[in-house]
Amino acid sequence: MINSVTEQESFYSDLEKKSFRELLEGINNEDKKVPFVVEKVIPVIEELVTKAFPRMKNGGRLFYIGAGTSGRLGVLDASEIPPTFGMEPGTVIGIIAGGDYALRSAVEDAEDDPEQAWKDLMEHNICDKDILVGIAASGRTPYVIGGLKKARENEILTASIAMTHNSEIGKAAEVVIEAVVGPEFVTGSTRMKAGTAQKMILNMISTSLMIKLGHVKGNRMIDMQLTNQKLVERGAKMIMEETGLDYDAAKEMLLKHGSVRNAVKVFFDENV
């Protein structure tokens, strides 16, 4: 039996006997530990994004693979890239063991097949221009290990994100991120601290890459998709600040040209 950190006994006992206040404070106390653990692995995250950036700048794609919560978090991060940064769908791709059905329901034995991840990746024609990040809180998910091994054999840049030291997925990857957050409040429930740490790391990876790829100016999302009224209003205000136009004129420019970047460019092209 493998003694993984993520399976170790909680520091808290008799949870069912605790008040709601005690439960909430206990969960919060554990969550407070996560940012400090993630801070320790920033140098390794930096190594990954530094290596990934030139690949993406030259047309490479970023893939995430995982099972269960880890897979869902990868899909979540990938799905937010087009609306947030205006990137083409398919630039950042999240793949979960068991397919899209597994986003909402458990798929029996999906994570135990070491061959399936590569089959899933090949459906997207993954190649040596791309980057693959394998995510597994326990660090020993066969689906992820198998995908990383095949990717590395094919000279694809690989990285792993685990919540345990000396992880099996780390042995299969080139860049090894191991954020050891310790036992969960509910023993083995890695949707909690481990999931929070994974979400933070994925945010750091994708956001830093999108910024360096030119999709943020100052601190603003200049290529965001105009998918609702709130984003239209935000975009119009950004154009107002850049151009000096009033709100109505800025909004008209935004809707006509489709993004803050395009609207500002046209404005200055026409007024210089």
# chains A, B, ... in the order shown; residues from 1 in each chain; ligands from 1

$ select_by_dssp --residues "segment 62-124 of chain A" --states "helix (DSSP H, G or I)" --output "PyMOL selection string"
chain A and resi 68-79+81-85+100-103+110-112+116-122

$ write_last_selection --atoms "N, CA and C atoms" --output "mmCIF file, in the first residue's frame"
data_model
loop_
_atom_site.group_PDB
_atom_site.id
_atom_site.type_symbol
_atom_site.label_atom_id
_atom_site.label_comp_id
_atom_site.auth_asym_id
_atom_site.auth_seq_id
_atom_site.Cartn_x
_atom_site.Cartn_y
_atom_site.Cartn_z
ATOM 1 N N GLY A 68 -10.432 13.163 -12.383
ATOM 2 C CA GLY A 68 -11.181 13.667 -11.244
ATOM 3 C C GLY A 68 -11.032 15.168 -11.083
ATOM 4 N N THR A 69 -10.860 15.607 -9.844
ATOM 5 C CA THR A 69 -10.721 17.042 -9.571
ATOM 6 C C THR A 69 -9.567 17.654 -10.351
ATOM 7 N N SER A 70 -8.451 16.945 -10.436
ATOM 8 C CA SER A 70 -7.288 17.467 -11.163
ATOM 9 C C SER A 70 -7.621 17.708 -12.627
ATOM 10 N N GLY A 71 -8.319 16.775 -13.238
ATOM 11 C CA GLY A 71 -8.717 16.939 -14.628
ATOM 12 C C GLY A 71 -9.695 18.075 -14.804
ATOM 13 N N ARG A 72 -10.647 18.180 -13.879
ATOM 14 C CA ARG A 72 -11.642 19.252 -13.978
ATOM 15 C C ARG A 72 -10.999 20.623 -13.875
ATOM 16 N N LEU A 73 -10.015 20.756 -13.000
ATOM 17 C CA LEU A 73 -9.337 22.042 -12.842
ATOM 18 C C LEU A 73 -8.550 22.401 -14.103
ATOM 19 N N GLY A 74 -7.945 21.410 -14.747
ATOM 20 C CA GLY A 74 -7.252 21.673 -16.000
ATOM 21 C C GLY A 74 -8.205 22.134 -17.089
ATOM 22 N N VAL A 75 -9.353 21.470 -17.191
ATOM 23 C CA VAL A 75 -10.364 21.861 -18.180
ATOM 24 C C VAL A 75 -10.886 23.259 -17.872
ATOM 25 N N LEU A 76 -11.098 23.553 -16.594
ATOM 26 C CA LEU A 76 -11.577 24.885 -16.200
ATOM 27 C C LEU A 76 -10.598 25.969 -16.625
ATOM 28 N N ASP A 77 -9.329 25.772 -16.316
ATOM 29 C CA ASP A 77 -8.338 26.786 -16.672
ATOM 30 C C ASP A 77 -8.283 26.989 -18.182
ATOM 31 N N ALA A 78 -8.286 25.891 -18.913
ATOM 32 C CA ALA A 78 -8.226 25.980 -20.379
ATOM 33 C C ALA A 78 -9.453 26.680 -20.947
ATOM 34 N N SER A 79 -10.623 26.388 -20.383
ATOM 35 C CA SER A 79 -11.862 26.936 -20.939
ATOM 36 C C SER A 79 -11.986 28.436 -20.719
ATOM 37 N N ILE A 81 -9.483 30.600 -21.032
ATOM 38 C CA ILE A 81 -8.486 31.367 -21.796
ATOM 39 C C ILE A 81 -9.103 32.138 -22.967
ATOM 40 N N PRO A 82 -9.953 31.519 -23.800
ATOM 41 C CA PRO A 82 -10.522 32.302 -24.916
ATOM 42 C C PRO A 82 -11.327 33.525 -24.472
ATOM 43 N N PRO A 83 -12.277 33.405 -23.520
ATOM 44 C CA PRO A 83 -13.026 34.612 -23.158
ATOM 45 C C PRO A 83 -12.197 35.653 -22.425
ATOM 46 N N THR A 84 -11.211 35.220 -21.662
ATOM 47 C CA THR A 84 -10.421 36.164 -20.871
ATOM 48 C C THR A 84 -9.364 36.870 -21.704
ATOM 49 N N PHE A 85 -8.713 36.121 -22.591
ATOM 50 C CA PHE A 85 -7.563 36.670 -23.306
ATOM 51 C C PHE A 85 -7.740 36.688 -24.826
ATOM 52 N N ASP A 100 -15.588 14.296 -21.502
ATOM 53 C CA ASP A 100 -16.389 15.387 -20.959
ATOM 54 C C ASP A 100 -17.438 14.918 -19.955
ATOM 55 N N TYR A 101 -17.931 13.691 -20.099
ATOM 56 C CA TYR A 101 -18.900 13.165 -19.144
ATOM 57 C C TYR A 101 -18.324 13.191 -17.725
ATOM 58 N N ALA A 102 -17.013 12.981 -17.625
ATOM 59 C CA ALA A 102 -16.342 12.931 -16.322
ATOM 60 C C ALA A 102 -16.256 14.295 -15.655
ATOM 61 N N LEU A 103 -16.603 15.370 -16.366
ATOM 62 C CA LEU A 103 -16.608 16.690 -15.738
ATOM 63 C C LEU A 103 -17.688 16.783 -14.670
ATOM 64 N N ALA A 110 -11.511 5.183 -15.115
ATOM 65 C CA ALA A 110 -10.990 6.034 -16.199
ATOM 66 C C ALA A 110 -9.536 6.415 -15.961
ATOM 67 N N GLU A 111 -9.161 6.623 -14.713
ATOM 68 C CA GLU A 111 -7.807 7.103 -14.429
ATOM 69 C C GLU A 111 -6.777 5.976 -14.380
ATOM 70 N N ASP A 112 -7.228 4.739 -14.479
ATOM 71 C CA ASP A 112 -6.323 3.603 -14.284
ATOM 72 C C ASP A 112 -5.700 3.060 -15.565
ATOM 73 N N GLN A 116 -4.536 5.446 -22.262
ATOM 74 C CA GLN A 116 -5.627 6.254 -22.803
ATOM 75 C C GLN A 116 -5.262 7.716 -22.995
ATOM 76 N N ALA A 117 -4.446 8.267 -22.119
ATOM 77 C CA ALA A 117 -4.121 9.695 -22.237
ATOM 78 C C ALA A 117 -3.462 10.002 -23.575
ATOM 79 N N TRP A 118 -2.544 9.153 -23.998
ATOM 80 C CA TRP A 118 -1.871 9.416 -25.268
ATOM 81 C C TRP A 118 -2.855 9.324 -26.435
ATOM 82 N N LYS A 119 -3.797 8.387 -26.346
ATOM 83 C CA LYS A 119 -4.833 8.299 -27.378
ATOM 84 C C LYS A 119 -5.652 9.588 -27.411
ATOM 85 N N ASP A 120 -5.988 10.099 -26.228
ATOM 86 C CA ASP A 120 -6.754 11.346 -26.163
ATOM 87 C C ASP A 120 -5.948 12.517 -26.721
ATOM 88 N N LEU A 121 -4.673 12.549 -26.413
ATOM 89 C CA LEU A 121 -3.817 13.630 -26.912
ATOM 90 C C LEU A 121 -3.634 13.560 -28.422
ATOM 91 N N MET A 122 -3.540 12.352 -28.949
ATOM 92 C CA MET A 122 -3.361 12.192 -30.387
ATOM 93 C C MET A 122 -4.584 12.653 -31.173
#

$ residues_around --residues "Gly59 of chain A" --least-positions-apart "6" --cutoff "9 Å" --atoms "only C-alpha atoms" --output "list in words"
Thr91, Lys129 and Asp130 of chain A

$ select_by_dssp --residues "segment 11-253 of chain A" --states "strand (DSSP E)" --output "list in words"
Leu62, Phe63, Tyr64, Ile65, Gly66, Val92, Ile93, Gly94, Ile95, Ile96, Ile131, Leu132, Val133, Gly134, Ile135, Leu157, Thr158, Ala159, Ser160, Ile161, Ala162, Val175, Val176, Ile177, Glu178, Val216, Lys217, Arg220 and Met221 of chain A

$ write_last_selection --atoms "N, CA and C atoms" --output "PDB file, in the first residue's frame"
ATOM      1  N   LEU A  62      -0.719  24.537 -25.228  1.00  0.00           N
ATOM      2  CA  LEU A  62      -0.560  24.076 -23.854  1.00  0.00           C
ATOM      3  C   LEU A  62      -1.665  23.082 -23.539  1.00  0.00           C
ATOM      4  N   PHE A  63      -1.275  21.869 -23.156  1.00  0.00           N
ATOM      5  CA  PHE A  63      -2.230  20.822 -22.812  1.00  0.00           C
ATOM      6  C   PHE A  63      -2.165  20.538 -21.310  1.00  0.00           C
ATOM      7  N   TYR A  64      -3.332  20.285 -20.722  1.00  0.00           N
ATOM      8  CA  TYR A  64      -3.417  19.766 -19.363  1.00  0.00           C
ATOM      9  C   TYR A  64      -4.090  18.391 -19.418  1.00  0.00           C
ATOM     10  N   ILE A  65      -3.577  17.431 -18.658  1.00  0.00           N
ATOM     11  CA  ILE A  65      -4.283  16.163 -18.501  1.00  0.00           C
ATOM     12  C   ILE A  65      -4.394  15.836 -17.015  1.00  0.00           C
ATOM     13  N   GLY A  66      -5.506  15.208 -16.642  1.00  0.00           N
ATOM     14  CA  GLY A  66      -5.703  14.813 -15.262  1.00  0.00           C
ATOM     15  C   GLY A  66      -6.972  13.991 -15.138  1.00  0.00           C
ATOM     16  N   VAL A  92      -5.087  26.451 -25.569  1.00  0.00           N
ATOM     17  CA  VAL A  92      -4.907  25.791 -24.275  1.00  0.00           C
ATOM     18  C   VAL A  92      -6.018  24.754 -24.161  1.00  0.00           C
ATOM     19  N   ILE A  93      -5.632  23.506 -23.968  1.00  0.00           N
ATOM     20  CA  ILE A  93      -6.579  22.390 -24.043  1.00  0.00           C
ATOM     21  C   ILE A  93      -6.531  21.576 -22.760  1.00  0.00           C
ATOM     22  N   GLY A  94      -7.672  21.394 -22.142  1.00  0.00           N
ATOM     23  CA  GLY A  94      -7.771  20.552 -20.963  1.00  0.00           C
ATOM     24  C   GLY A  94      -8.423  19.224 -21.308  1.00  0.00           C
ATOM     25  N   ILE A  95      -7.805  18.140 -20.894  1.00  0.00           N
ATOM     26  CA  ILE A  95      -8.329  16.801 -21.168  1.00  0.00           C
ATOM     27  C   ILE A  95      -8.484  16.065 -19.844  1.00  0.00           C
ATOM     28  N   ILE A  96      -9.661  15.495 -19.615  1.00  0.00           N
ATOM     29  CA  ILE A  96      -9.933  14.765 -18.387  1.00  0.00           C
ATOM     30  C   ILE A  96     -10.155  13.291 -18.696  1.00  0.00           C
ATOM     31  N   ILE A 131       3.237  21.743 -25.328  1.00  0.00           N
ATOM     32  CA  ILE A 131       3.612  21.552 -23.922  1.00  0.00           C
ATOM     33  C   ILE A 131       2.524  20.723 -23.257  1.00  0.00           C
ATOM     34  N   LEU A 132       2.923  19.768 -22.448  1.00  0.00           N
ATOM     35  CA  LEU A 132       1.962  18.940 -21.723  1.00  0.00           C
ATOM     36  C   LEU A 132       2.211  19.044 -20.227  1.00  0.00           C
ATOM     37  N   VAL A 133       1.158  19.398 -19.481  1.00  0.00           N
ATOM     38  CA  VAL A 133       1.218  19.458 -18.022  1.00  0.00           C
ATOM     39  C   VAL A 133       0.284  18.380 -17.465  1.00  0.00           C
ATOM     40  N   GLY A 134       0.864  17.451 -16.719  1.00  0.00           N
ATOM     41  CA  GLY A 134       0.081  16.406 -16.084  1.00  0.00           C
ATOM     42  C   GLY A 134      -0.217  16.784 -14.641  1.00  0.00           C
ATOM     43  N   ILE A 135      -1.470  16.627 -14.234  1.00  0.00           N
ATOM     44  CA  ILE A 135      -1.906  17.058 -12.902  1.00  0.00           C
ATOM     45  C   ILE A 135      -2.454  15.849 -12.144  1.00  0.00           C
ATOM     46  N   LEU A 157       7.665  19.083 -24.472  1.00  0.00           N
ATOM     47  CA  LEU A 157       7.977  19.627 -23.154  1.00  0.00           C
ATOM     48  C   LEU A 157       6.918  19.161 -22.163  1.00  0.00           C
ATOM     49  N   THR A 158       7.346  18.537 -21.076  1.00  0.00           N
ATOM     50  CA  THR A 158       6.407  17.992 -20.098  1.00  0.00           C
ATOM     51  C   THR A 158       6.645  18.591 -18.716  1.00  0.00           C
ATOM     52  N   ALA A 159       5.556  18.717 -17.965  1.00  0.00           N
ATOM     53  CA  ALA A 159       5.629  19.163 -16.574  1.00  0.00           C
ATOM     54  C   ALA A 159       4.585  18.416 -15.769  1.00  0.00           C
ATOM     55  N   SER A 160       4.840  18.312 -14.482  1.00  0.00           N
ATOM     56  CA  SER A 160       3.894  17.639 -13.597  1.00  0.00           C
ATOM     57  C   SER A 160       3.546  18.541 -12.427  1.00  0.00           C
ATOM     58  N   ILE A 161       2.307  18.407 -11.951  1.00  0.00           N
ATOM     59  CA  ILE A 161       1.856  19.109 -10.757  1.00  0.00           C
ATOM     60  C   ILE A 161       1.306  18.064  -9.794  1.00  0.00           C
ATOM     61  N   ALA A 162       1.983  17.879  -8.678  1.00  0.00           N
ATOM     62  CA  ALA A 162       1.554  16.913  -7.665  1.00  0.00           C
ATOM     63  C   ALA A 162       1.614  17.564  -6.293  1.00  0.00           C
ATOM     64  N   VAL A 175       9.810  19.009 -16.059  1.00  0.00           N
ATOM     65  CA  VAL A 175       9.698  20.038 -15.024  1.00  0.00           C
ATOM     66  C   VAL A 175       8.755  19.521 -13.949  1.00  0.00           C
ATOM     67  N   VAL A 176       9.232  19.474 -12.718  1.00  0.00           N
ATOM     68  CA  VAL A 176       8.502  18.796 -11.645  1.00  0.00           C
ATOM     69  C   VAL A 176       8.056  19.796 -10.580  1.00  0.00           C
ATOM     70  N   ILE A 177       6.748  20.020 -10.502  1.00  0.00           N
ATOM     71  CA  ILE A 177       6.166  20.924  -9.510  1.00  0.00           C
ATOM     72  C   ILE A 177       5.501  20.069  -8.431  1.00  0.00           C
ATOM     73  N   GLU A 178       6.002  20.171  -7.202  1.00  0.00           N
ATOM     74  CA  GLU A 178       5.459  19.382  -6.101  1.00  0.00           C
ATOM     75  C   GLU A 178       5.152  20.306  -4.929  1.00  0.00           C
ATOM     76  N   VAL A 216      -2.374  41.305 -22.428  1.00  0.00           N
ATOM     77  CA  VAL A 216      -2.656  42.256 -21.356  1.00  0.00           C
ATOM     78  C   VAL A 216      -1.804  43.493 -21.601  1.00  0.00           C
ATOM     79  N   LYS A 217      -2.416  44.657 -21.434  1.00  0.00           N
ATOM     80  CA  LYS A 217      -1.666  45.915 -21.514  1.00  0.00           C
ATOM     81  C   LYS A 217      -1.859  46.647 -20.201  1.00  0.00           C
ATOM     82  N   ARG A 220      -4.758  45.367 -17.957  1.00  0.00           N
ATOM     83  CA  ARG A 220      -6.080  45.203 -18.554  1.00  0.00           C
ATOM     84  C   ARG A 220      -6.095  44.101 -19.626  1.00  0.00           C
ATOM     85  N   MET A 221      -7.226  43.401 -19.688  1.00  0.00           N
ATOM     86  CA  MET A 221      -7.412  42.312 -20.661  1.00  0.00           C
ATOM     87  C   MET A 221      -7.891  42.907 -21.992  1.00  0.00           C
TER      88      MET A 221
END

$ residues_around --residues "Asn166 of chain A" --least-positions-apart "6" --cutoff "12 Å" --atoms "only C-alpha atoms" --output "PDB file with C-alpha atoms, in the first residue's frame"
ATOM      1  CA  ASN A   3       1.585   5.941   1.780  1.00  0.00           C
ATOM      2  CA  SER A   4       0.852   9.184  -0.040  1.00  0.00           C
ATOM      3  CA  VAL A   5       0.778  12.531   1.762  1.00  0.00           C
ATOM      4  CA  SER A 138      -1.541  11.926  -5.385  1.00  0.00           C
ATOM      5  CA  GLY A 139       1.187  12.013  -8.003  1.00  0.00           C
ATOM      6  CA  ARG A 140       0.485   8.438  -9.081  1.00  0.00           C
ATOM      7  CA  SER A 160       3.894  17.639 -13.597  1.00  0.00           C
ATOM      8  CA  ALA A 172       7.847  10.999 -15.955  1.00  0.00           C
ATOM      9  CA  ALA A 173       8.125  14.776 -16.479  1.00  0.00           C
ATOM     10  CA  VAL A 176       8.502  18.796 -11.645  1.00  0.00           C
ATOM     11  CA  ILE A 177       6.166  20.924  -9.510  1.00  0.00           C
ATOM     12  CA  GLU A 178       5.459  19.382  -6.101  1.00  0.00           C
ATOM     13  CA  ALA A 179       3.421  21.571  -3.749  1.00  0.00           C
ATOM     14  CA  VAL A 180       3.006  19.471  -0.630  1.00  0.00           C
TER      15      VAL A 180
END

$ closest_residue --among "A:Leu245, A:Val107, A:Met204, A:Ala137" --to "Val264 of chain A" --atoms "only C-alpha atoms"
A:Leu245

$ closest_residue --among "A:Leu254, A:Val34, A:Met163, A:Ile201" --to "Gly188 of chain A" --atoms "only C-alpha atoms"
A:Met163

$ residues_around --residues "segment 206-211 of chain A" --least-positions-apart "3" --cutoff "7 Å" --atoms "only C-alpha atoms" --output "ChimeraX atom specification"
/A:49,53,85,202-203,214-216

$ write_last_selection --atoms "N, CA and C atoms" --output "tab-separated table (two decimals), in the first residue's frame"
chain	number	residue	atom	x	y	z
A	49	VAL	N	7.22	28.07	-17.28
A	49	VAL	CA	6.70	29.09	-18.19
A	49	VAL	C	7.81	29.68	-19.06
A	53	PHE	N	7.10	29.47	-22.99
A	53	PHE	CA	6.81	30.71	-23.71
A	53	PHE	C	7.28	30.70	-25.16
A	85	PHE	N	-8.71	36.12	-22.59
A	85	PHE	CA	-7.56	36.67	-23.31
A	85	PHE	C	-7.74	36.69	-24.83
A	202	LEU	N	-2.18	26.61	-11.71
A	202	LEU	CA	-2.66	26.72	-13.09
A	202	LEU	C	-2.93	28.18	-13.45
A	203	ASN	N	-3.51	28.93	-12.52
A	203	ASN	CA	-3.71	30.37	-12.77
A	203	ASN	C	-2.38	31.07	-13.06
A	214	GLY	N	1.22	38.95	-24.87
A	214	GLY	CA	0.70	40.23	-25.34
A	214	GLY	C	-0.78	40.46	-25.19
A	215	HIS	N	-1.46	39.68	-24.39
A	215	HIS	CA	-2.91	39.81	-24.27
A	215	HIS	C	-3.35	40.69	-23.10
A	216	VAL	N	-2.37	41.30	-22.43
A	216	VAL	CA	-2.66	42.26	-21.36
A	216	VAL	C	-1.80	43.49	-21.60

$ residues_around --residues "Asp109 of chain A" --least-positions-apart "5" --cutoff "12 Å" --atoms "only C-alpha atoms" --output "CSV table (one decimal) with N, CA and C atoms, in the first residue's frame"
chain,number,residue,atom,x,y,z
A,67,ALA,N,-7.2,13.5,-13.9
A,67,ALA,CA,-8.4,12.7,-13.7
A,67,ALA,C,-9.1,13.3,-12.5
A,68,GLY,N,-10.4,13.2,-12.4
A,68,GLY,CA,-11.2,13.7,-11.2
A,68,GLY,C,-11.0,15.2,-11.1
A,97,ALA,N,-9.6,12.4,-17.9
A,97,ALA,CA,-9.8,11.0,-18.0
A,97,ALA,C,-11.3,10.7,-18.0
A,98,GLY,N,-11.7,10.0,-19.0
A,98,GLY,CA,-13.2,9.6,-19.1
A,98,GLY,C,-14.0,10.6,-20.0
A,102,ALA,N,-17.0,13.0,-17.6
A,102,ALA,CA,-16.3,12.9,-16.3
A,102,ALA,C,-16.3,14.3,-15.7
A,114,PRO,N,-3.1,3.5,-18.4
A,114,PRO,CA,-1.9,4.3,-18.7
A,114,PRO,C,-1.8,4.6,-20.2
A,116,GLN,N,-4.5,5.4,-22.3
A,116,GLN,CA,-5.6,6.3,-22.8
A,116,GLN,C,-5.3,7.7,-23.0
A,141,THR,N,-1.4,8.9,-10.6
A,141,THR,CA,-2.5,8.5,-11.5
A,141,THR,C,-1.9,7.9,-12.8
A,142,PRO,N,-2.2,6.6,-13.1
A,142,PRO,CA,-1.7,5.9,-14.3
A,142,PRO,C,-2.0,6.7,-15.6
A,143,TYR,N,-3.2,7.2,-15.7
A,143,TYR,CA,-3.6,8.0,-16.9
A,143,TYR,C,-2.6,9.1,-17.2

$ atom_distance --atom1 "atom CA of Ile169 of chain A" --atom2 "atom CA of Ser10 of chain A"
24.0 Å

$ closest_residue --among "A:Glu168, A:Glu46, A:Asp223, A:Glu270" --to "Gly258 of chain A" --atoms "only C-alpha atoms"
A:Asp223

$ closest_residue --among "A:Glu22, A:Asp31, A:Asp128, A:Val260" --to "Lys237 of chain A" --atoms "only C-alpha atoms"
A:Val260

$ atom_distance --atom1 "atom CA of Ile126 of chain A" --atom2 "atom CA of Arg191 of chain A"
28.5 Å

$ closest_residue --among "A:Asn271, A:Asn154, A:Ser13, A:Thr196" --to "Thr243 of chain A" --atoms "only C-alpha atoms"
A:Asn271

$ closest_residue --among "A:Met253, A:Ala52, A:Val232, A:Ala197" --to "Glu174 of chain A" --atoms "only C-alpha atoms"
A:Ala52

$ residues_around --residues "Gly218 of chain A" --least-positions-apart "4" --cutoff "12 Å" --atoms "only C-alpha atoms" --output "list in words"
Ile211, Lys212, Gly214, Ile222, Met238, Glu241 and Glu242 of chain A

$ decode --residues "segment 97-123 of chain A" --atoms "N, CA and C atoms" --output "CSV table (one decimal), in the first residue's frame"
chain,number,residue,atom,x,y,z
A,97,ALA,N,-9.6,12.4,-17.9
A,97,ALA,CA,-9.8,11.0,-18.0
A,97,ALA,C,-11.3,10.7,-18.0
A,98,GLY,N,-11.7,10.0,-19.0
A,98,GLY,CA,-13.2,9.6,-19.1
A,98,GLY,C,-14.0,10.6,-20.0
A,99,GLY,N,-13.3,11.6,-20.5
A,99,GLY,CA,-14.0,12.5,-21.4
A,99,GLY,C,-14.9,13.5,-20.7
A,100,ASP,N,-15.6,14.3,-21.5
A,100,ASP,CA,-16.4,15.4,-21.0
A,100,ASP,C,-17.4,14.9,-20.0
A,101,TYR,N,-17.9,13.7,-20.1
A,101,TYR,CA,-18.9,13.2,-19.1
A,101,TYR,C,-18.3,13.2,-17.7
A,102,ALA,N,-17.0,13.0,-17.6
A,102,ALA,CA,-16.3,12.9,-16.3
A,102,ALA,C,-16.3,14.3,-15.7
A,103,LEU,N,-16.6,15.4,-16.4
A,103,LEU,CA,-16.6,16.7,-15.7
A,103,LEU,C,-17.7,16.8,-14.7
A,104,ARG,N,-18.8,16.0,-14.8
A,104,ARG,CA,-19.9,16.1,-13.9
A,104,ARG,C,-20.1,14.8,-13.1
A,105,SER,N,-19.6,13.7,-13.6
A,105,SER,CA,-19.9,12.4,-13.0
A,105,SER,C,-18.6,11.6,-13.0
A,106,ALA,N,-18.4,10.8,-11.9
A,106,ALA,CA,-17.3,9.9,-11.9
A,106,ALA,C,-17.4,8.8,-13.0
A,107,VAL,N,-16.3,8.5,-13.6
A,107,VAL,CA,-16.2,7.5,-14.6
A,107,VAL,C,-15.3,6.4,-14.1
A,108,GLU,N,-15.9,5.2,-13.9
A,108,GLU,CA,-15.2,4.1,-13.2
A,108,GLU,C,-14.0,3.7,-14.0
A,109,ASP,N,-12.9,3.6,-13.3
A,109,ASP,CA,-11.6,3.1,-13.8
A,109,ASP,C,-10.9,4.0,-14.9
A,110,ALA,N,-11.5,5.2,-15.1
A,110,ALA,CA,-11.0,6.0,-16.2
A,110,ALA,C,-9.5,6.4,-16.0
A,111,GLU,N,-9.2,6.6,-14.7
A,111,GLU,CA,-7.8,7.1,-14.4
A,111,GLU,C,-6.8,6.0,-14.4
A,112,ASP,N,-7.2,4.7,-14.5
A,112,ASP,CA,-6.3,3.6,-14.3
A,112,ASP,C,-5.7,3.1,-15.6
A,113,ASP,N,-6.1,3.6,-16.7
A,113,ASP,CA,-5.5,3.2,-18.0
A,113,ASP,C,-4.3,4.0,-18.4
A,114,PRO,N,-3.1,3.5,-18.4
A,114,PRO,CA,-1.9,4.3,-18.7
A,114,PRO,C,-1.8,4.6,-20.2
A,115,GLU,N,-2.6,3.9,-21.0
A,115,GLU,CA,-2.5,4.1,-22.5
A,115,GLU,C,-3.5,5.2,-23.0
A,116,GLN,N,-4.5,5.4,-22.3
A,116,GLN,CA,-5.6,6.3,-22.8
A,116,GLN,C,-5.3,7.7,-23.0
A,117,ALA,N,-4.4,8.3,-22.1
A,117,ALA,CA,-4.1,9.7,-22.2
A,117,ALA,C,-3.5,10.0,-23.6
A,118,TRP,N,-2.5,9.2,-24.0
A,118,TRP,CA,-1.9,9.4,-25.3
A,118,TRP,C,-2.9,9.3,-26.4
A,119,LYS,N,-3.8,8.4,-26.3
A,119,LYS,CA,-4.8,8.3,-27.4
A,119,LYS,C,-5.7,9.6,-27.4
A,120,ASP,N,-6.0,10.1,-26.2
A,120,ASP,CA,-6.8,11.3,-26.2
A,120,ASP,C,-5.9,12.5,-26.7
A,121,LEU,N,-4.7,12.5,-26.4
A,121,LEU,CA,-3.8,13.6,-26.9
A,121,LEU,C,-3.6,13.6,-28.4
A,122,MET,N,-3.5,12.4,-28.9
A,122,MET,CA,-3.4,12.2,-30.4
A,122,MET,C,-4.6,12.7,-31.2
A,123,GLU,N,-5.8,12.7,-30.5
A,123,GLU,CA,-6.9,13.2,-31.2
A,123,GLU,C,-6.8,14.7,-31.5
